[in-house]
$ cat data.txt   # compact mmCIF, C-alpha atoms
# COMPACT_ATOMS: atom_id res chain seq x y z
CA MET J 1 38.91 56.98 241.44
CA THR J 2 39.19 53.33 242.49
CA GLU J 3 42.39 51.32 242.76
CA ILE J 4 41.83 50.07 239.21
CA TYR J 5 42.79 53.51 237.99
CA ASP J 6 45.76 54.16 240.26
CA VAL J 7 47.88 54.61 237.14
CA GLY J 8 45.48 57.34 235.98
CA PRO J 9 42.91 56.98 233.18
CA VAL J 10 43.33 53.68 231.35
CA ARG J 11 44.72 54.26 227.87
CA VAL J 12 43.12 52.11 225.17
CA MET J 13 44.45 52.05 221.62
CA SER J 14 42.14 50.58 218.98
CA ILE J 15 43.68 49.47 215.68
CA LEU J 16 41.86 48.71 212.41
CA ALA J 17 43.26 48.13 208.96
CA ARG J 18 40.66 50.46 207.50
CA MET J 19 37.45 52.26 208.48
CA ASN J 20 35.18 51.08 205.69
CA VAL J 21 31.43 51.10 206.33
CA GLY J 22 30.61 48.06 208.43
CA GLY J 23 30.49 46.55 211.88
CA PRO J 24 34.17 46.93 212.89
CA ALA J 25 34.23 50.64 212.05
CA TRP J 26 30.96 51.22 213.86
CA LEU J 27 32.21 49.46 217.00
CA ALA J 28 35.53 51.32 216.98
CA SER J 29 33.77 54.66 216.67
CA VAL J 30 31.35 53.81 219.50
CA LEU J 31 34.19 52.85 221.85
CA THR J 32 36.29 55.87 220.90
CA ARG J 33 33.43 58.19 221.77
CA GLY J 34 31.58 56.16 224.39
CA LEU J 35 34.11 54.99 226.97
CA PRO J 36 33.81 57.13 230.14
CA LYS J 37 36.21 60.04 229.70
CA ASP J 38 37.05 60.25 233.40
CA ARG J 39 38.32 56.66 233.40
CA PHE J 40 39.62 56.06 229.88
CA GLN J 41 41.69 57.77 227.22
CA THR J 42 41.39 56.40 223.70
CA ARG J 43 43.32 56.53 220.47
CA LEU J 44 41.99 55.09 217.20
CA VAL J 45 44.58 54.07 214.61
CA CYS J 46 43.62 52.92 211.12
CA GLY J 47 44.71 52.76 207.49
CA CYS J 48 42.93 53.97 204.38
CA VAL J 49 39.97 52.40 202.60
CA ASP J 50 40.15 50.96 199.09
CA ASN J 51 38.78 52.94 196.18
CA SER J 52 35.84 50.54 195.89
CA GLU J 53 34.82 51.04 199.54
CA ALA J 54 32.95 53.76 201.39
CA ASP J 55 34.84 55.51 204.18
CA PHE J 56 32.86 55.22 207.41
CA ILE J 57 34.41 58.38 208.82
CA GLU J 58 33.56 60.53 205.80
CA LEU J 59 30.06 59.09 205.46
CA ARG J 60 28.91 58.54 209.04
CA ASP J 61 31.24 60.26 211.54
CA PRO J 62 33.36 63.02 209.97
CA ASN J 63 34.49 64.42 213.34
CA LEU J 64 35.75 61.14 214.74
CA PRO J 65 39.32 61.60 216.07
CA VAL J 66 41.57 59.13 214.25
CA ARG J 67 45.25 58.63 213.44
CA ARG J 68 45.63 57.57 209.81
CA LEU J 69 48.59 55.42 208.79
CA GLU J 70 49.15 55.46 205.05
CA SER J 71 51.05 52.16 205.22
CA LEU J 72 48.18 50.34 206.93
CA GLY J 73 45.39 49.11 204.68
CA ARG J 74 43.56 46.06 203.45
CA SER J 75 46.05 44.63 200.93
CA VAL J 76 48.87 42.40 202.13
CA ARG J 77 52.24 43.84 201.01
CA ILE J 78 55.44 42.70 202.66
CA GLY J 79 57.21 46.05 202.41
CA GLY J 80 54.13 48.08 203.21
CA ASP J 81 53.20 45.84 206.12
CA LEU J 82 56.67 46.20 207.62
CA LEU J 83 56.28 49.98 207.42
CA ALA J 84 52.85 49.67 209.01
CA LEU J 85 54.29 47.59 211.85
CA ILE J 86 56.96 50.24 212.49
CA ALA J 87 54.32 52.99 212.38
CA ILE J 88 52.10 51.14 214.86
CA CYS J 89 55.05 50.67 217.21
CA ARG J 90 55.70 54.41 216.97
CA GLU J 91 52.06 55.14 217.89
CA ILE J 92 52.27 52.77 220.85
CA ARG J 93 55.47 54.34 222.15
CA GLU J 94 53.92 57.78 221.95
CA PHE J 95 50.53 56.91 223.47
CA ARG J 96 51.79 54.28 225.95
CA PRO J 97 48.54 52.29 226.10
CA HIS J 98 47.63 49.92 228.88
CA ILE J 99 45.45 48.05 226.38
CA VAL J 100 45.88 47.49 222.65
CA HIS J 101 42.59 46.37 221.11
CA THR J 102 42.75 45.16 217.49
CA HIS J 103 39.96 44.56 215.01
CA THR J 104 39.90 42.67 211.68
CA ALA J 105 42.46 40.15 210.47
CA LYS J 106 45.36 42.25 209.19
CA ALA J 107 45.25 44.80 211.99
CA GLY J 108 45.00 41.89 214.40
CA VAL J 109 48.28 40.47 213.10
CA LEU J 110 50.27 43.70 212.97
CA GLY J 111 48.72 45.27 216.07
CA ARG J 112 49.31 42.29 218.33
CA ILE J 113 52.88 41.81 217.11
CA ALA J 114 53.57 45.50 217.71
CA ALA J 115 52.03 45.27 221.18
CA VAL J 116 54.29 42.34 222.04
CA ILE J 117 57.36 44.15 220.72
CA CYS J 118 56.47 47.20 222.79
CA ARG J 119 55.64 45.13 225.89
CA VAL J 120 52.02 46.26 226.16
CA PRO J 121 50.69 43.94 228.87
CA ILE J 122 47.05 43.68 227.71
CA ARG J 123 46.35 42.63 224.13
CA VAL J 124 42.71 42.21 223.07
CA HIS J 125 41.45 41.15 219.65
CA THR J 126 37.86 41.20 218.41
CA PHE J 127 36.71 38.65 215.85
CA HIS J 128 33.89 40.41 214.00
CA GLY J 129 33.54 37.12 212.16
CA HIS J 130 36.42 35.29 210.60
CA VAL J 131 38.05 34.88 207.20
CA LEU J 132 38.79 31.18 207.56
CA SER J 133 36.26 30.31 204.85
CA GLY J 134 34.73 32.09 201.88
CA TYR J 135 37.57 34.58 201.38
CA PHE J 136 40.77 32.82 200.31
CA SER J 137 42.02 29.61 198.70
CA PRO J 138 42.16 26.47 200.90
CA LEU J 139 45.95 26.80 201.18
CA ALA J 140 45.77 30.47 202.20
CA SER J 141 42.98 29.69 204.66
CA ARG J 142 45.09 26.98 206.33
CA ALA J 143 48.04 29.36 206.59
CA LEU J 144 45.80 32.05 208.10
CA ARG J 145 44.46 29.58 210.65
CA ILE J 146 48.02 28.76 211.77
CA VAL J 147 48.77 32.48 212.15
CA GLU J 148 45.60 33.02 214.20
CA VAL J 149 46.42 30.05 216.44
CA LEU J 150 49.81 31.59 217.22
CA LEU J 151 48.41 35.08 217.73
CA ALA J 152 45.73 33.76 220.09
CA ARG J 153 48.53 32.62 222.39
CA LEU J 154 49.86 36.19 222.43
CA SER J 155 46.42 37.64 223.25
CA THR J 156 45.23 38.42 226.74
CA ALA J 157 41.58 38.20 225.74
CA LEU J 158 39.63 37.34 222.60
CA ILE J 159 36.23 38.83 221.84
CA ALA J 160 33.73 37.14 219.52
CA VAL J 161 30.69 39.07 218.32
CA GLY J 162 28.48 36.00 218.64
CA GLU J 163 28.35 32.55 220.16
CA ARG J 164 28.51 30.77 216.81
CA VAL J 165 31.51 32.85 215.76
CA ARG J 166 33.26 31.86 219.01
CA ASP J 167 32.40 28.20 218.54
CA GLU J 168 33.67 28.13 214.95
CA LEU J 169 36.96 29.69 216.06
CA LEU J 170 37.34 27.19 218.89
CA ASP J 171 36.58 24.34 216.49
CA ALA J 172 39.43 25.67 214.32
CA GLY J 173 41.77 25.47 217.30
CA ILE J 174 42.08 29.24 217.71
CA GLY J 175 42.45 30.18 221.37
CA ARG J 176 41.15 28.57 224.55
CA GLY J 177 37.60 28.85 225.77
CA ASP J 178 38.63 30.75 228.90
CA LYS J 179 40.17 33.53 226.81
CA TYR J 180 36.93 34.26 224.93
CA VAL J 181 34.26 36.78 225.80
CA VAL J 182 31.15 37.10 223.64
CA ILE J 183 30.21 40.76 223.16
CA PRO J 184 27.55 41.28 220.50
CA PRO J 185 27.62 44.52 218.51
CA GLY J 186 25.62 47.51 219.56
CA ALA J 187 23.92 49.81 217.10
CA ALA J 188 21.70 52.85 216.92
CA ILE J 189 19.50 54.27 214.23
CA GLY J 190 18.19 57.78 213.70
CA PRO J 191 14.55 58.84 213.93
CA LEU J 192 12.46 56.96 211.39
CA PRO J 193 10.61 59.08 208.86
CA ASP J 194 7.18 58.16 207.55
CA LYS J 195 7.30 55.29 205.05
CA LEU J 196 5.70 57.32 202.28
CA TYR J 197 8.21 60.13 202.80
CA ALA J 198 11.13 57.69 202.87
CA ARG J 199 10.03 56.10 199.61
CA GLU J 200 9.53 59.47 197.97
CA TRP J 201 12.99 60.56 199.17
CA LEU J 202 14.52 57.43 197.59
CA GLY J 203 12.49 57.86 194.41
CA LEU J 204 10.41 54.72 194.98
CA PRO J 205 6.73 54.29 194.08
CA PRO J 206 4.50 54.21 197.17
CA GLY J 207 2.53 51.00 196.74
CA ARG J 208 5.04 48.29 195.83
CA PRO J 209 6.59 45.74 198.23
CA VAL J 210 10.19 46.74 199.01
CA VAL J 211 13.15 44.51 199.86
CA VAL J 212 16.37 46.26 200.99
CA PHE J 213 19.98 45.11 200.99
CA VAL J 214 22.46 47.28 202.91
CA GLY J 215 26.12 46.38 202.62
CA ARG J 216 29.16 45.84 200.42
CA LEU J 217 28.77 44.34 196.99
CA THR J 218 31.65 41.90 197.23
CA GLY J 219 32.17 38.18 196.73
CA VAL J 220 31.48 36.90 200.23
CA LYS J 221 28.18 38.83 200.34
CA ARG J 222 27.00 36.91 197.25
CA PRO J 223 25.17 39.62 195.29
CA ASP J 224 24.78 37.01 192.53
CA ARG J 225 22.62 34.95 194.90
CA LEU J 226 20.69 38.11 195.75
CA MET J 227 19.94 38.76 192.07
CA GLU J 228 18.90 35.15 191.51
CA ALA J 229 16.60 35.24 194.53
CA MET J 230 15.05 38.51 193.41
CA ALA J 231 14.38 37.12 189.93
CA ASP J 232 12.49 34.28 191.61
CA VAL J 233 10.54 36.73 193.78
CA LEU J 234 9.54 38.76 190.72
CA ASP J 235 8.28 35.67 188.92
CA ARG J 236 5.77 35.21 191.72
CA LEU J 237 5.32 38.85 192.83
CA PRO J 238 5.96 41.07 189.80
CA GLY J 239 5.46 44.34 191.67
CA ALA J 240 8.29 43.83 194.15
CA LEU J 241 11.30 46.17 194.35
CA LEU J 242 14.85 45.56 195.52
CA VAL J 243 16.75 48.56 196.89
CA ILE J 244 20.53 48.14 197.16
CA ALA J 245 22.20 50.62 199.51
CA GLY J 246 25.91 50.03 199.14
CA GLU J 247 28.73 49.63 196.65
CA GLY J 248 31.83 47.47 196.25
CA ASP J 249 34.14 45.71 193.83
CA LEU J 250 31.20 43.79 192.30
CA MET J 251 29.10 46.91 191.75
CA GLU J 252 29.30 46.88 187.95
CA THR J 253 28.85 43.12 187.75
CA THR J 254 25.77 43.38 189.95
CA ARG J 255 24.38 46.17 187.79
CA ARG J 256 24.78 44.01 184.70
CA ASN J 257 23.10 41.07 186.43
CA ALA J 258 20.22 43.35 187.42
CA GLU J 259 19.55 44.61 183.88
CA SER J 260 17.20 41.73 183.11
CA LEU J 261 15.07 42.74 186.12
CA GLY J 262 14.43 46.23 184.75
CA ASP J 263 13.34 48.92 187.16
CA SER J 264 12.64 46.36 189.88
CA VAL J 265 16.18 46.88 191.19
CA ARG J 266 17.23 50.32 192.42
CA PHE J 267 20.82 51.22 193.34
CA VAL J 268 20.95 54.10 195.83
CA GLY J 269 24.62 53.85 196.88
CA TRP J 270 26.00 54.28 200.37
CA GLN J 271 23.73 56.33 202.59
CA SER J 272 24.87 58.52 205.46
CA ASP J 273 21.48 57.98 207.12
CA VAL J 274 20.24 54.40 206.75
CA SER J 275 17.09 55.19 208.72
CA LYS J 276 15.44 56.41 205.51
CA VAL J 277 16.38 53.19 203.71
CA PHE J 278 14.94 50.95 206.40
CA ALA J 279 11.88 53.18 206.85
CA ALA J 280 11.06 52.49 203.18
CA ALA J 281 11.43 48.72 203.57
CA ASP J 282 9.04 45.84 204.10
CA VAL J 283 11.85 43.34 204.62
CA ALA J 284 15.67 43.36 204.73
CA VAL J 285 17.82 40.66 203.16
CA LEU J 286 21.33 39.24 203.49
CA THR J 287 22.61 36.47 201.20
CA SER J 288 26.20 36.02 202.42
CA ASP J 289 28.43 32.94 202.52
CA ASN J 290 30.22 34.23 205.64
CA GLU J 291 29.31 36.77 208.32
CA GLY J 292 30.11 37.71 211.88
CA MET J 293 27.10 39.38 213.44
CA PRO J 294 25.75 41.73 210.74
CA VAL J 295 25.15 45.27 211.97
CA SER J 296 22.87 45.92 208.98
CA LEU J 297 20.44 43.31 210.32
CA ILE J 298 20.58 44.90 213.78
CA GLU J 299 19.81 48.29 212.23
CA ALA J 300 16.92 46.79 210.26
CA SER J 301 15.57 45.24 213.45
CA LEU J 302 15.85 48.53 215.35
CA ALA J 303 13.79 50.08 212.56
CA GLY J 304 11.09 47.44 213.04
CA VAL J 305 11.86 45.65 209.78
CA PRO J 306 11.87 41.82 209.59
CA SER J 307 14.85 40.18 207.88
CA VAL J 308 15.73 37.18 205.77
CA THR J 309 19.30 35.96 206.09
CA THR J 310 21.36 32.96 205.16
CA ALA J 311 22.43 30.79 208.09
CA VAL J 312 26.00 32.04 208.41
CA GLY J 313 28.05 33.21 211.38
CA SER J 314 25.92 34.71 214.12
CA ALA J 315 23.30 36.15 211.78
CA GLY J 316 20.89 33.66 213.32
CA GLU J 317 21.40 35.28 216.71
CA VAL J 318 20.19 38.62 215.35
CA VAL J 319 17.30 37.17 213.35
CA ILE J 320 15.20 34.73 215.38
CA ASP J 321 13.90 32.29 212.80
CA GLY J 322 10.13 32.38 212.52
CA VAL J 323 9.86 35.22 215.06
CA THR J 324 11.73 38.28 213.75
CA GLY J 325 12.30 36.96 210.22
CA HIS J 326 13.75 33.86 208.60
CA VAL J 327 17.15 32.17 208.67
CA VAL J 328 17.53 30.01 205.58
CA ALA J 329 19.87 27.72 203.67
CA LEU J 330 22.54 29.13 201.37
CA SER J 331 20.39 29.01 198.25
CA ALA J 332 18.60 31.61 196.16
CA ARG J 333 15.37 29.59 196.24
CA ALA J 334 15.33 29.46 200.04
CA VAL J 335 15.93 33.23 200.22
CA ALA J 336 13.15 33.90 197.70
CA ASP J 337 10.64 31.65 199.48
CA ALA J 338 11.28 33.39 202.80
CA LEU J 339 11.02 36.87 201.28
CA LEU J 340 7.73 36.01 199.60
CA GLU J 341 6.22 34.64 202.80
CA ILE J 342 6.76 38.01 204.47
CA LEU J 343 5.92 40.19 201.46
CA LEU J 344 2.65 38.35 200.74
CA ASP J 345 1.42 38.49 204.35
CA ARG J 346 1.43 42.09 205.50
CA GLU J 347 0.19 41.21 208.99
CA LEU J 348 3.01 38.68 209.44
CA GLY J 349 5.55 41.30 208.36
CA LEU J 350 4.24 43.80 210.91
CA VAL J 351 4.27 41.25 213.75
CA MET J 352 7.79 40.09 212.89
CA GLY J 353 8.98 43.68 212.57
CA GLU J 354 7.72 44.63 216.02
CA ALA J 355 9.28 41.50 217.53
CA ALA J 356 12.55 42.40 215.79
CA ARG J 357 12.49 45.92 217.24
CA VAL J 358 11.89 44.71 220.79
CA HIS J 359 14.61 42.05 220.54
CA ALA J 360 17.17 44.45 219.07
CA GLU J 361 16.53 47.19 221.62
CA GLN J 362 17.05 44.74 224.46
CA ALA J 363 20.06 42.90 223.06
CA TYR J 364 21.98 45.32 220.84
CA GLY J 365 21.85 48.78 222.34
CA VAL J 366 24.95 51.00 222.35
CA PRO J 367 25.00 51.50 226.18
CA ARG J 368 25.16 47.71 226.63
CA LEU J 369 28.04 47.50 224.14
CA VAL J 370 30.05 50.15 225.98
CA ASP J 371 29.29 48.65 229.40
CA ASP J 372 30.42 45.20 228.26
CA HIS J 373 33.78 46.58 227.13
CA VAL J 374 34.24 48.65 230.28
CA GLU J 375 33.61 45.51 232.37
CA LEU J 376 36.16 43.53 230.34
CA TYR J 377 38.78 46.28 230.39
CA GLU J 378 38.41 46.76 234.16
CA ARG J 379 38.77 43.04 234.81
CA LEU J 380 41.90 42.87 232.69
CA ILE J 381 43.36 45.93 234.43
CA ARG J 382 42.76 44.32 237.84
CA ASP J 383 44.37 41.08 236.66
CA HIS J 384 47.47 42.95 235.47
CA ALA J 385 47.94 45.39 238.34
CA GLY J 386 51.56 46.46 238.59
CA CYS J 387 52.41 45.32 235.05
CA TRP J 388 52.91 48.80 233.60
CA PRO J 389 56.64 49.15 232.83
CA TRP J 390 56.36 52.69 231.52
CA GLU J 391 54.50 53.86 234.65
CA ALA J 392 57.68 52.99 236.55
CA GLY J 393 59.75 55.13 234.23
CA ASP J 394 60.85 52.44 231.79
CA ARG J 395 60.81 53.01 228.07
CA LEU J 396 58.43 51.13 225.82
CA GLY J 397 59.91 48.54 223.49

$ encode --input "data.txt" --output "structure tokens"
Amino acid sequence: MTEIYDVGPVRVMSILARMNVGGPAWLASVLTRGLPKDRFQTRLVCGCVDNSEADFIELRDPNLPVRRLESLGRSVRIGGDLLALIAICREIREFRPHIVHTHTAKAGVLGRIAAVICRVPIRVHTFHGHVLSGYFSPLASRALRIVEVLLARLSTALIAVGERVRDELLDAGIGRGDKYVVIPPGAAIGPLPDKLYAREWLGLPPGRPVVVFVGRLTGVKRPDRLMEAMADVLDRLPGALLVIAGEGDLMETTRRNAESLGDSVRFVGWQSDVSKVFAAADVAVLTSDNEGMPVSLIEASLAGVPSVTTAVGSAGEVVIDGVTGHVVALSARAVADALLEILLDRELGLVMGEAARVHAEQAYGVPRLVDDHVELYERLIRDHAGCWPWEAGDRLG
């Protein structure tokens, strides 16, 4: 064991507000399982998902070790958040982490405050995107920006999942450039079944062009734009199908909007194994107003499926425009035009899909994700050697 680990295995506590299906939950699960056990001990702390959301742990990783805090969740509640802060402090005092690593906005606020209260020397926060636009009113967004500016000063390091995400945060005055590290997500996908089998398993006819959307049906994802784009696609390619793998608070609204499109839209719900969904696809689509670096597009790419995405966040770093798919303006017509170009040219779709697979395997593998975090953690440990008050017998907080 090198001098970095003179205090013993480095203890890392990850904190999320909730483990709903998505990029933050995936990353937290990968780090909890993937950090070298001889050099790191981990504890994952999270709240509970909303009724309209799918629980990542139940759906994708039922044996993931996690500490659930009933008071920690998505909604902002003064009394509940105070209880959550106390509960997080209790977890910190018990686990005595060298590093507290927070994910998502609410957990980032409470987790970093708790880490300061408890004198944890290394405080890391990952921006999986940001909620500075597309989520709240202008007044609430300005208030949130002020909070993030203050919290950035309390952070030892800030991780952005993409270069554009980092640049947007810096433009908003959040943190200094030397505090940021860009660590793109890592993803994996199971063995791909045959396309005919996958379509039969999903109840899809074998010969029709298939577009897939994997994700939450919520406002920022713009399912209304997705329905409008699909209506345009069907006007020019009547045989096309849209498969929606996901649910959310706009599920019923989206179902109503899809009624006019008949059986051309299929809702298959959250899937524990997305490999079958992508194996059935000719192209994947994302129509969001705001994103970080979408894991669903990485998974599609790993499956050899080209993608069409709006130009938001770091989606354009996953999808190379004109090479592995298309990155388009925030309009239904632009989405539809890009989808049709791929659906109507089978050879183009195959070439883009293979390019997407090669790019994703090189850039977004899980081993690279773990190695990037190990490198960051080790650097921070070296920079803070001797800053462990509890190792000297002191009490936390």

$ closest_residue --input "data.txt" --among "J:Asn20, J:Ser288, J:Thr32, J:Thr126" --to "J:Asp50" --atoms "only C-alpha atoms"
J:Asn20

$ closest_atom_pairs --input "data.txt" --of "stretch 17-62 of chain J" --to "stretch 166-186 of chain J" --cutoff "9 Å" --atoms "only C-alpha atoms" --output "JSON lines"
{"residue": "J:Gly23", "atom": "CA", "partner": "J:Pro185", "partner_atom": "CA", "distance": 7.5}
{"residue": "J:Pro24", "atom": "CA", "partner": "J:Pro185", "partner_atom": "CA", "distance": 9.0}
{"residue": "J:Trp26", "atom": "CA", "partner": "J:Gly186", "partner_atom": "CA", "distance": 8.6}
{"residue": "J:Leu27", "atom": "CA", "partner": "J:Pro185", "partner_atom": "CA", "distance": 6.9}
{"residue": "J:Val30", "atom": "CA", "partner": "J:Gly186", "partner_atom": "CA", "distance": 8.5}

$ write_last_selection --input "data.txt" --atoms "C-alpha atoms" --output "PDB file, in the frame of the given file"
ATOM      1  CA  GLY J  23      30.490  46.550 211.880  1.00  0.00           C
ATOM      2  CA  PRO J  24      34.170  46.930 212.890  1.00  0.00           C
ATOM      3  CA  TRP J  26      30.960  51.220 213.860  1.00  0.00           C
ATOM      4  CA  LEU J  27      32.210  49.460 217.000  1.00  0.00           C
ATOM      5  CA  VAL J  30      31.350  53.810 219.500  1.00  0.00           C
TER       6      VAL J  30
END

$ atom_distance --input "data.txt" --atom1 "atom CA of J:Asp249" --atom2 "atom CA of J:Arg225"
15.8 Å

$ closest_residue --input "data.txt" --among "J:Val312, J:Val66, J:Ala188, J:Ile92" --to "J:Pro294" --atoms "only C-alpha atoms"
J:Val312

$ residues_around --input "data.txt" --residues "J:Ala300" --least-positions-apart "3" --cutoff "12 Å" --atoms "only C-alpha atoms" --output "PyMOL selection string"
chain J and resi 187-190+192+211-215+274-286+294-297+303-309+318-319+324-325+352-361+364

$ write_last_selection --input "data.txt" --atoms "C-alpha atoms" --output "PDB file, in the frame of the given file"
ATOM      1  CA  ALA J 187      23.920  49.810 217.100  1.00  0.00           C
ATOM      2  CA  ALA J 188      21.700  52.850 216.920  1.00  0.00           C
ATOM      3  CA  ILE J 189      19.500  54.270 214.230  1.00  0.00           C
ATOM      4  CA  GLY J 190      18.190  57.780 213.700  1.00  0.00           C
ATOM      5  CA  LEU J 192      12.460  56.960 211.390  1.00  0.00           C
ATOM      6  CA  VAL J 211      13.150  44.510 199.860  1.00  0.00           C
ATOM      7  CA  VAL J 212      16.370  46.260 200.990  1.00  0.00           C
ATOM      8  CA  PHE J 213      19.980  45.110 200.990  1.00  0.00           C
ATOM      9  CA  VAL J 214      22.460  47.280 202.910  1.00  0.00           C
ATOM     10  CA  GLY J 215      26.120  46.380 202.620  1.00  0.00           C
ATOM     11  CA  VAL J 274      20.240  54.400 206.750  1.00  0.00           C
ATOM     12  CA  SER J 275      17.090  55.190 208.720  1.00  0.00           C
ATOM     13  CA  LYS J 276      15.440  56.410 205.510  1.00  0.00           C
ATOM     14  CA  VAL J 277      16.380  53.190 203.710  1.00  0.00           C
ATOM     15  CA  PHE J 278      14.940  50.950 206.400  1.00  0.00           C
ATOM     16  CA  ALA J 279      11.880  53.180 206.850  1.00  0.00           C
ATOM     17  CA  ALA J 280      11.060  52.490 203.180  1.00  0.00           C
ATOM     18  CA  ALA J 281      11.430  48.720 203.570  1.00  0.00           C
ATOM     19  CA  ASP J 282       9.040  45.840 204.100  1.00  0.00           C
ATOM     20  CA  VAL J 283      11.850  43.340 204.620  1.00  0.00           C
ATOM     21  CA  ALA J 284      15.670  43.360 204.730  1.00  0.00           C
ATOM     22  CA  VAL J 285      17.820  40.660 203.160  1.00  0.00           C
ATOM     23  CA  LEU J 286      21.330  39.240 203.490  1.00  0.00           C
ATOM     24  CA  PRO J 294      25.750  41.730 210.740  1.00  0.00           C
ATOM     25  CA  VAL J 295      25.150  45.270 211.970  1.00  0.00           C
ATOM     26  CA  SER J 296      22.870  45.920 208.980  1.00  0.00           C
ATOM     27  CA  LEU J 297      20.440  43.310 210.320  1.00  0.00           C
ATOM     28  CA  ALA J 303      13.790  50.080 212.560  1.00  0.00           C
ATOM     29  CA  GLY J 304      11.090  47.440 213.040  1.00  0.00           C
ATOM     30  CA  VAL J 305      11.860  45.650 209.780  1.00  0.00           C
ATOM     31  CA  PRO J 306      11.870  41.820 209.590  1.00  0.00           C
ATOM     32  CA  SER J 307      14.850  40.180 207.880  1.00  0.00           C
ATOM     33  CA  VAL J 308      15.730  37.180 205.770  1.00  0.00           C
ATOM     34  CA  THR J 309      19.300  35.960 206.090  1.00  0.00           C
ATOM     35  CA  VAL J 318      20.190  38.620 215.350  1.00  0.00           C
ATOM     36  CA  VAL J 319      17.300  37.170 213.350  1.00  0.00           C
ATOM     37  CA  THR J 324      11.730  38.280 213.750  1.00  0.00           C
ATOM     38  CA  GLY J 325      12.300  36.960 210.220  1.00  0.00           C
ATOM     39  CA  MET J 352       7.790  40.090 212.890  1.00  0.00           C
ATOM     40  CA  GLY J 353       8.980  43.680 212.570  1.00  0.00           C
ATOM     41  CA  GLU J 354       7.720  44.630 216.020  1.00  0.00           C
ATOM     42  CA  ALA J 355       9.280  41.500 217.530  1.00  0.00           C
ATOM     43  CA  ALA J 356      12.550  42.400 215.790  1.00  0.00           C
ATOM     44  CA  ARG J 357      12.490  45.920 217.240  1.00  0.00           C
ATOM     45  CA  VAL J 358      11.890  44.710 220.790  1.00  0.00           C
ATOM     46  CA  HIS J 359      14.610  42.050 220.540  1.00  0.00           C
ATOM     47  CA  ALA J 360      17.170  44.450 219.070  1.00  0.00           C
ATOM     48  CA  GLU J 361      16.530  47.190 221.620  1.00  0.00           C
ATOM     49  CA  TYR J 364      21.980  45.320 220.840  1.00  0.00           C
TER      50      TYR J 364
END

$ closest_residue --input "data.txt" --among "J:Glu247, J:Asp289, J:Glu163, J:Glu58" --to "J:Glu317" --atoms "all atoms listed in the file"
J:Glu163

$ closest_residue --input "data.txt" --among "J:Glu252, J:Asp383, J:Asp337, J:Glu299" --to "J:Arg236" --atoms "all atoms listed in the file"
J:Asp337

$ residues_around --input "data.txt" --residues "J:Arg123" --least-positions-apart "3" --cutoff "8 Å" --atoms "all atoms listed in the file" --output "PyMOL selection string"
chain J and resi 99-102+112+115+120+154-157

$ write_last_selection --input "data.txt" --atoms "C-alpha atoms" --output "compact mmCIF listing (two decimals), keeping the file's coordinate frame"
# COMPACT_ATOMS: atom_id res chain seq x y z
CA ILE J 99 45.45 48.05 226.38
CA VAL J 100 45.88 47.49 222.65
CA HIS J 101 42.59 46.37 221.11
CA THR J 102 42.75 45.16 217.49
CA ARG J 112 49.31 42.29 218.33
CA ALA J 115 52.03 45.27 221.18
CA VAL J 120 52.02 46.26 226.16
CA LEU J 154 49.86 36.19 222.43
CA SER J 155 46.42 37.64 223.25
CA THR J 156 45.23 38.42 226.74
CA ALA J 157 41.58 38.20 225.74

$ residues_around --input "data.txt" --residues "J:Ala329" --least-positions-apart "2" --cutoff "9 Å" --atoms "all atoms listed in the file" --output "ChimeraX atom specification"
/J:309-312,327,331-335

$ atom_distance --input "data.txt" --atom1 "atom CA of J:Leu69" --atom2 "atom CA of J:Gly8"
27.4 Å

$ residues_around --input "data.txt" --residues "stretch 259-267 of chain J" --least-positions-apart "5" --cutoff "10 Å" --atoms "all atoms listed in the file" --output "PyMOL selection string"
chain J and resi 202-204+208+210-213+227+230-231+234+238-247+251+254

$ closest_residue --input "data.txt" --among "J:Asp55, J:Glu375, J:Asp321, J:Asp224" --to "J:Gly22" --atoms "all atoms listed in the file"
J:Asp55
